[in-house]
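J.: Below is a structure I'd like to ask you about.
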Amino acid sequence: MSQATLRIQKMSAHSGTIPGEGTQREFTVCKLVDTTTCIGCKACEVACVEWNDMPFSPTVFGNTYQTMPETRWNYWNLILFNEHEREDGSLQWLMRKHQCMHCAEPGCLEACPSDGAIVQYTNGVVDFQQDHCIGCGYCITGCPFNIPKLNSVTKRVYKCSLCTDRVSEGLEPACIKSCPTGCLHFGSKDDMKELAEIRAKQLRDHYGYDKAGVYDPPGVGGTGVIYVLHDATQPELYGGLPSNPSIPLAVKFWKHPLKWLGNLAMLGGLVGLFAHYLKYGPKAREESDLAKREGE
Amino acid sequence: MKERGMVGYHPEQLIPHDHILRYSFKERLNHWIAAGSFIYLMLTGLAFWSPWLFWIAVILGGAELSRMLHPWLGLVFFCAVCYMFMLWSSQMKAEPVDAEWWKSLHHYIKNEDDKMPPAGRYNAGQKLLFWSFFYGGILLLASGLVLWFTEYIPWNLRWLRYISVVVHAGTALLLIGNLMIHIYMGVFAERGAFGSVIRGDVSLAFAKRYHPGWYKEIVGETERSK
């Protein structure tokens, strides 16, 4: 793909216009994860840690192949394993590469109170700008996928950057590069959607997975990471992938109606009190016994 | 404790030149600890509330610092509220006169204070302010702790975070509304009130006009109170 200049089309807590909005013909990039051909080798986990130069993170053994329970500030890419028992009692080993979904409408960016700490480039990548981060953790509340993780020393949040440094140079992300089975693909959102649909159809028509389909949740405007699932009707089986994710209702309420109601009320209160003073003035103004003592 | 439970004649609270001690040193100091911490909390909170107000955090030393100090000042504020509860809660209990006071609110708003029912040391509006800051303080502390340690809330308890962001913002808005009225009354509307929370005393005329019940308790049925 072509090189990108990473102009910004969405910016957290910004009171002005967004510098890169609508200024580029850039297409949206997308990762395609075909869970049906993932073998759980974790090459993508290693590649992510290597490329992003992250310090070693101890693994956790929990009677599973999974490296640790969930992603960490320095472990952005994790294969989630689930030993699923089918209705006929047979085992289906489900594996899903879990990372930031790069939502078109990111809940983290919506919740963030710090100017420019979370941005979305014109190619759709959602990126944390740690130098603007204030460590409040609102993005953790806003994210429907449990992705942002706080570093307790630097007090900043971190997550998958979709290898912005590689992508902007025309390379695919490190995880994609490392995949030995070819279950990971990278390209434009349109191309990946098409490829995913072809694969899902193949699974339905030739492999007996009647419910195979593509996961690209509309509740967050679609995602920059899409999945091919054997059973698209039960995404929860794949390490708790939410079936219909959206920005939490509380966050939407807080950031829209409550905010405007609150702002109007505060402004109205100030104007109202000032008007009251203009009309009625201070109390007991005309009382001679008070005027003597209280004029001070 | 001469400033508490004032019933009957309290000549020790009378100060020369026809003034009465209204707020003791402890009460005044605690008031200003609560006020100072709340104003810091309000300013930094507003900076996080709206991008239009983010500049407040920049002026106060940067948003990172504001994020770091806001919870600690919150603890200071809550401690001050607790001490306030110890000092004043017994005097803030609802009385029959309070209902009458609310019915006469329109007179109060129009500065027709001679038509108001006789309030004690605190009128019904002040009592509402006290209880809203007390219960609001508890809500802010509970939701604030969740937001302070938000990264430790496990994923299956994420609803705690959702409730907290709404409760914290909503409660703060209500208290900011209360505070605006409080500052307006104390600084602009009721002359003498601001001085009472700085120097501690009010004039007998102030006490008689705004807190007749309290005035009687202090001065007693002397010829002055008639």
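Ordered as shown in the structure tokens, chains take letters A, B, and onward, while each chain numbers its residues from 1 and ligands are numbered from 1 in the order shown.
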What are the closest atom pairs, with distances in Å to one decimal, for each residue of region 93-123 of chain A lying within 10 Å of region 56-75 of chain A, using only C-alpha atoms, rows by chain and rising residue number, as CSV?
T.:
```
residue,atom,partner,partner_atom,distance
A:Met95,CA,A:Gln66,CA,9.3
A:His98,CA,A:Thr71,CA,8.0
A:Gln99,CA,A:Thr71,CA,7.6
A:Cys100,CA,A:Thr71,CA,9.7
```
J.: Any idea which chain A residues end up within 6 Å of chain B if we count only C-alpha atoms, as a list in words please?
T.: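 Per the criterion, chain A yields Ala13, His14, Ser15, Pro113, Ile134, Ala250, Trp254, Pro282, Lys283, Leu290 and Glu294 of chain A.
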J.: Between A:Asn77, A:Asn146, A:Thr37, A:Ser12, single out the one closest to Leu94 (chain A), counting only C-alpha atoms.
T.: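 Between A:Asn77, A:Asn146, A:Thr37, A:Ser12, the residue approaching Leu94 (chain A) most closely is A:Thr37.
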J.: Quick one, how far is CA of Asp191 (chain A) from CA of Leu237 (chain A)?
T.: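 Pair CA of Asp191 (chain A) / CA of Leu237 (chain A) returns 26.4 Å.
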J.: For Arg199 (chain A), find every residue with an atom within 10 Å (counting only C-alpha atoms), except residues of its own chain fewer than 6 positions away, and show them as a list in words.
T.: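 Using only C-alpha atoms, the neighbours found are Asp34, Thr36, Lys193, Asp205, Ala212, Gly213, Val214, Val228 and Leu229 of chain A.
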J.: Emit the selected residues as a short mmCIF file (atom, residue, chain, number, x, y, z; two decimals), in the first residue's frame, including N, CA and C atoms.
T.:
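So again-v5.cif came out as:
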```cif
data_model
loop_
_atom_site.label_atom_id
_atom_site.label_comp_id
_atom_site.auth_asym_id
_atom_site.auth_seq_id
_atom_site.Cartn_x
_atom_site.Cartn_y
_atom_site.Cartn_z
N ASP A 34 -8.53 -14.45 10.40
CA ASP A 34 -9.35 -15.62 10.09
C ASP A 34 -9.14 -16.63 11.23
N THR A 36 -10.45 -19.31 11.77
CA THR A 36 -10.58 -20.71 11.37
C THR A 36 -9.24 -21.30 10.92
N LYS A 193 -12.84 -6.74 3.77
CA LYS A 193 -14.24 -7.17 3.89
C LYS A 193 -14.58 -8.18 2.80
N ASP A 205 -20.25 -23.02 2.61
CA ASP A 205 -20.59 -23.88 1.48
C ASP A 205 -19.83 -25.20 1.48
N ALA A 212 -20.99 -19.64 9.77
CA ALA A 212 -19.76 -18.87 9.58
C ALA A 212 -20.08 -17.48 9.06
N GLY A 213 -19.32 -16.50 9.52
CA GLY A 213 -19.58 -15.13 9.08
C GLY A 213 -18.46 -14.19 9.48
N VAL A 214 -18.68 -12.92 9.18
CA VAL A 214 -17.65 -11.90 9.41
C VAL A 214 -18.08 -11.03 10.58
N VAL A 228 -13.09 -13.48 10.79
CA VAL A 228 -13.93 -14.55 10.23
C VAL A 228 -14.11 -15.56 11.36
N LEU A 229 -15.37 -15.85 11.69
CA LEU A 229 -15.68 -16.76 12.80
C LEU A 229 -16.42 -17.99 12.25
#
```
J.: Just list the residues in region 32-226 of chain B DSSP gives helix (DSSP H, G or I) on the backbone, as an NGL selection string.
T.: :B and (32-49 or 51-53 or 55-59 or 63-92 or 96-103 or 105-109 or 113-115 or 124-148 or 150-152 or 155-157 or 159-189 or 193-198 or 204-210 or 212-219 or 223-225)
J.: Quick one: pull the distance between CA of His256 (chain A) and CA of Cys30 (chain A), Å, one decimal.
T.: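 Computing it gives 29.1 Å between the two atoms.
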J.: Record the distance separating CA of Asp131 (chain A) and CA of Cys48 (chain A), expressed in Å with one decimal.
T.: 21.4 Å
J.: For Val126 (chain A), work out the shell of residues within 8 Å, counting only C-alpha atoms and skipping chain neighbours fewer than 4 positions away, then give it as a list in words.
T.: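 Here the answer would be His102, Cys103, Pro106, Ile118, Val119, Gln120, Tyr121 and Ser161 of chain A.
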J.: Write a file of the selected residues as a PDB file, in the first residue's frame, keeping N, CA and C atoms.
T.:
```pdb
ATOM      1  N   HIS A 102      -9.476  -0.809  16.741  1.00  0.00           N
ATOM      2  CA  HIS A 102      -9.405   0.407  15.925  1.00  0.00           C
ATOM      3  C   HIS A 102     -10.786   0.768  15.368  1.00  0.00           C
ATOM      4  N   CYS A 103     -11.725   0.972  16.319  1.00  0.00           N
ATOM      5  CA  CYS A 103     -13.111   1.290  15.982  1.00  0.00           C
ATOM      6  C   CYS A 103     -13.185   2.560  15.135  1.00  0.00           C
ATOM      7  N   PRO A 106     -14.474   5.399  18.081  1.00  0.00           N
ATOM      8  CA  PRO A 106     -13.795   4.839  19.259  1.00  0.00           C
ATOM      9  C   PRO A 106     -14.340   5.394  20.579  1.00  0.00           C
ATOM     10  N   ILE A 118      -5.805  11.083  22.383  1.00  0.00           N
ATOM     11  CA  ILE A 118      -6.207   9.961  21.529  1.00  0.00           C
ATOM     12  C   ILE A 118      -6.608  10.545  20.184  1.00  0.00           C
ATOM     13  N   VAL A 119      -6.027   9.989  19.135  1.00  0.00           N
ATOM     14  CA  VAL A 119      -6.322  10.507  17.796  1.00  0.00           C
ATOM     15  C   VAL A 119      -6.695   9.344  16.884  1.00  0.00           C
ATOM     16  N   GLN A 120      -7.403   9.688  15.818  1.00  0.00           N
ATOM     17  CA  GLN A 120      -7.656   8.718  14.759  1.00  0.00           C
ATOM     18  C   GLN A 120      -7.128   9.319  13.471  1.00  0.00           C
ATOM     19  N   TYR A 121      -6.205   8.603  12.847  1.00  0.00           N
ATOM     20  CA  TYR A 121      -5.640   9.096  11.601  1.00  0.00           C
ATOM     21  C   TYR A 121      -6.629   8.892  10.456  1.00  0.00           C
ATOM     22  N   SER A 161      -0.862   0.064  18.450  1.00  0.00           N
ATOM     23  CA  SER A 161      -0.864   1.259  17.608  1.00  0.00           C
ATOM     24  C   SER A 161      -1.093   0.894  16.151  1.00  0.00           C
TER      25      SER A 161
END
```
J.: Smallest atom-to-atom distance to Leu21 (chain B): which of B:Ile56, B:Leu69, B:Ile218, B:Leu145, using only C-alpha atoms?
T.: B:Ile218
J.: Return as a ChimeraX atom specification the full set of residues in region 81-295 of chain A whose backbone-based DSSP assignment is strand (DSSP E or B).
T.: /A:81-85,91-98,103,118-121,126-128,149-151,156-158,184-188,213-215,223,225-229
J.: Those selected residues, please, written with N, CA and C atoms and delivered as a short mmCIF file (atom, residue, chain, number, x, y, z; two decimals), in the first residue's frame.
T.:
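Produced file result.cif, reproduced below:
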```cif
data_model
loop_
_atom_site.label_atom_id
_atom_site.label_comp_id
_atom_site.auth_asym_id
_atom_site.auth_seq_id
_atom_site.Cartn_x
_atom_site.Cartn_y
_atom_site.Cartn_z
N PHE A 81 -7.67 -18.34 24.10
CA PHE A 81 -7.99 -19.75 23.81
C PHE A 81 -9.28 -20.13 24.53
N ASN A 82 -10.13 -20.85 23.84
CA ASN A 82 -11.34 -21.37 24.47
C ASN A 82 -11.59 -22.80 24.01
N GLU A 83 -11.66 -23.74 24.98
CA GLU A 83 -11.98 -25.12 24.65
C GLU A 83 -13.49 -25.27 24.68
N HIS A 84 -14.09 -25.10 23.53
CA HIS A 84 -15.55 -25.06 23.41
C HIS A 84 -16.10 -26.46 23.15
N GLU A 85 -17.12 -26.83 23.94
CA GLU A 85 -17.75 -28.13 23.73
C GLU A 85 -18.96 -27.94 22.83
N LEU A 91 -14.97 -31.56 20.96
CA LEU A 91 -14.20 -30.37 21.32
C LEU A 91 -13.94 -29.49 20.10
N GLN A 92 -14.13 -28.20 20.30
CA GLN A 92 -13.71 -27.24 19.28
C GLN A 92 -12.78 -26.25 19.96
N TRP A 93 -11.56 -26.20 19.49
CA TRP A 93 -10.57 -25.33 20.12
C TRP A 93 -10.58 -23.99 19.39
N LEU A 94 -11.10 -22.98 20.07
CA LEU A 94 -11.24 -21.67 19.44
C LEU A 94 -10.10 -20.76 19.87
N MET A 95 -9.52 -20.08 18.91
CA MET A 95 -8.43 -19.16 19.21
C MET A 95 -8.71 -17.84 18.51
N ARG A 96 -8.50 -16.77 19.24
CA ARG A 96 -8.72 -15.46 18.62
C ARG A 96 -7.61 -14.51 19.02
N LYS A 97 -7.07 -13.87 18.02
CA LYS A 97 -6.06 -12.84 18.25
C LYS A 97 -6.78 -11.59 18.74
N HIS A 98 -6.47 -11.22 20.00
CA HIS A 98 -7.16 -10.11 20.64
C HIS A 98 -6.24 -8.91 20.68
N CYS A 103 -11.73 0.97 16.32
CA CYS A 103 -13.11 1.29 15.98
C CYS A 103 -13.19 2.56 15.13
N ILE A 118 -5.81 11.08 22.38
CA ILE A 118 -6.21 9.96 21.53
C ILE A 118 -6.61 10.55 20.18
N VAL A 119 -6.03 9.99 19.13
CA VAL A 119 -6.32 10.51 17.80
C VAL A 119 -6.70 9.34 16.88
N GLN A 120 -7.40 9.69 15.82
CA GLN A 120 -7.66 8.72 14.76
C GLN A 120 -7.13 9.32 13.47
N TYR A 121 -6.21 8.60 12.85
CA TYR A 121 -5.64 9.10 11.60
C TYR A 121 -6.63 8.89 10.46
N VAL A 126 -6.50 4.17 15.28
CA VAL A 126 -6.70 4.90 16.54
C VAL A 126 -5.41 4.79 17.34
N ASP A 127 -4.85 5.94 17.70
CA ASP A 127 -3.53 5.91 18.33
C ASP A 127 -3.53 6.74 19.62
N PHE A 128 -2.86 6.23 20.64
CA PHE A 128 -2.69 6.98 21.89
C PHE A 128 -1.42 7.82 21.79
N LYS A 149 -4.63 -0.02 28.67
CA LYS A 149 -4.06 -0.49 29.93
C LYS A 149 -3.10 0.58 30.47
N LEU A 150 -3.22 0.85 31.78
CA LEU A 150 -2.43 1.91 32.39
C LEU A 150 -1.10 1.36 32.90
N ASN A 151 -0.05 2.10 32.64
CA ASN A 151 1.26 1.80 33.22
C ASN A 151 1.33 2.55 34.54
N ARG A 156 0.42 6.49 32.16
CA ARG A 156 -0.15 6.71 30.82
C ARG A 156 -0.75 5.39 30.36
N VAL A 157 -1.66 5.48 29.42
CA VAL A 157 -2.25 4.26 28.88
C VAL A 157 -1.56 3.90 27.56
N TYR A 158 -1.55 2.61 27.31
CA TYR A 158 -0.91 2.08 26.10
C TYR A 158 -1.82 1.04 25.47
N LEU A 184 -3.71 -14.14 9.01
CA LEU A 184 -3.76 -12.68 9.17
C LEU A 184 -3.50 -12.00 7.84
N HIS A 185 -4.36 -11.04 7.54
CA HIS A 185 -4.23 -10.27 6.30
C HIS A 185 -4.29 -8.80 6.65
N PHE A 186 -3.72 -7.98 5.77
CA PHE A 186 -3.75 -6.55 6.00
C PHE A 186 -3.95 -5.84 4.67
N GLY A 187 -4.81 -4.83 4.66
CA GLY A 187 -5.05 -4.08 3.44
C GLY A 187 -6.10 -3.03 3.68
N SER A 188 -6.77 -2.61 2.61
CA SER A 188 -7.83 -1.63 2.79
C SER A 188 -9.05 -2.32 3.38
N GLY A 213 -19.32 -16.50 9.52
CA GLY A 213 -19.58 -15.13 9.08
C GLY A 213 -18.46 -14.19 9.48
N VAL A 214 -18.68 -12.92 9.18
CA VAL A 214 -17.65 -11.90 9.41
C VAL A 214 -18.08 -11.03 10.58
N TYR A 215 -17.12 -10.72 11.44
CA TYR A 215 -17.38 -9.86 12.60
C TYR A 215 -16.84 -8.47 12.31
N THR A 223 -15.04 -1.87 12.55
CA THR A 223 -13.73 -1.89 13.22
C THR A 223 -12.60 -2.02 12.21
N VAL A 225 -10.22 -3.98 12.74
CA VAL A 225 -9.83 -5.39 12.81
C VAL A 225 -11.11 -6.18 12.62
N ILE A 226 -11.17 -7.02 11.62
CA ILE A 226 -12.38 -7.82 11.43
C ILE A 226 -12.02 -9.30 11.52
N TYR A 227 -12.98 -10.09 11.94
CA TYR A 227 -12.76 -11.52 12.17
C TYR A 227 -13.64 -12.35 11.24
N VAL A 228 -13.09 -13.48 10.79
CA VAL A 228 -13.93 -14.55 10.23
C VAL A 228 -14.11 -15.56 11.36
N LEU A 229 -15.37 -15.85 11.69
CA LEU A 229 -15.68 -16.76 12.80
C LEU A 229 -16.42 -17.99 12.25
#
```
J.: List every residue of region 196-226 of chain B that has an atom at most 12 Å from any atom of region 93-98 of chain B, giving for each one its closest atom pair and the distance in Å to one decimal, counting only C-alpha atoms, sorted by chain and then by ascending residue number, as CSV.
T.:
```
residue,atom,partner,partner_atom,distance
B:His211,CA,B:Val97,CA,11.8
B:Pro212,CA,B:Val97,CA,11.7
B:Gly213,CA,B:Val97,CA,10.1
```
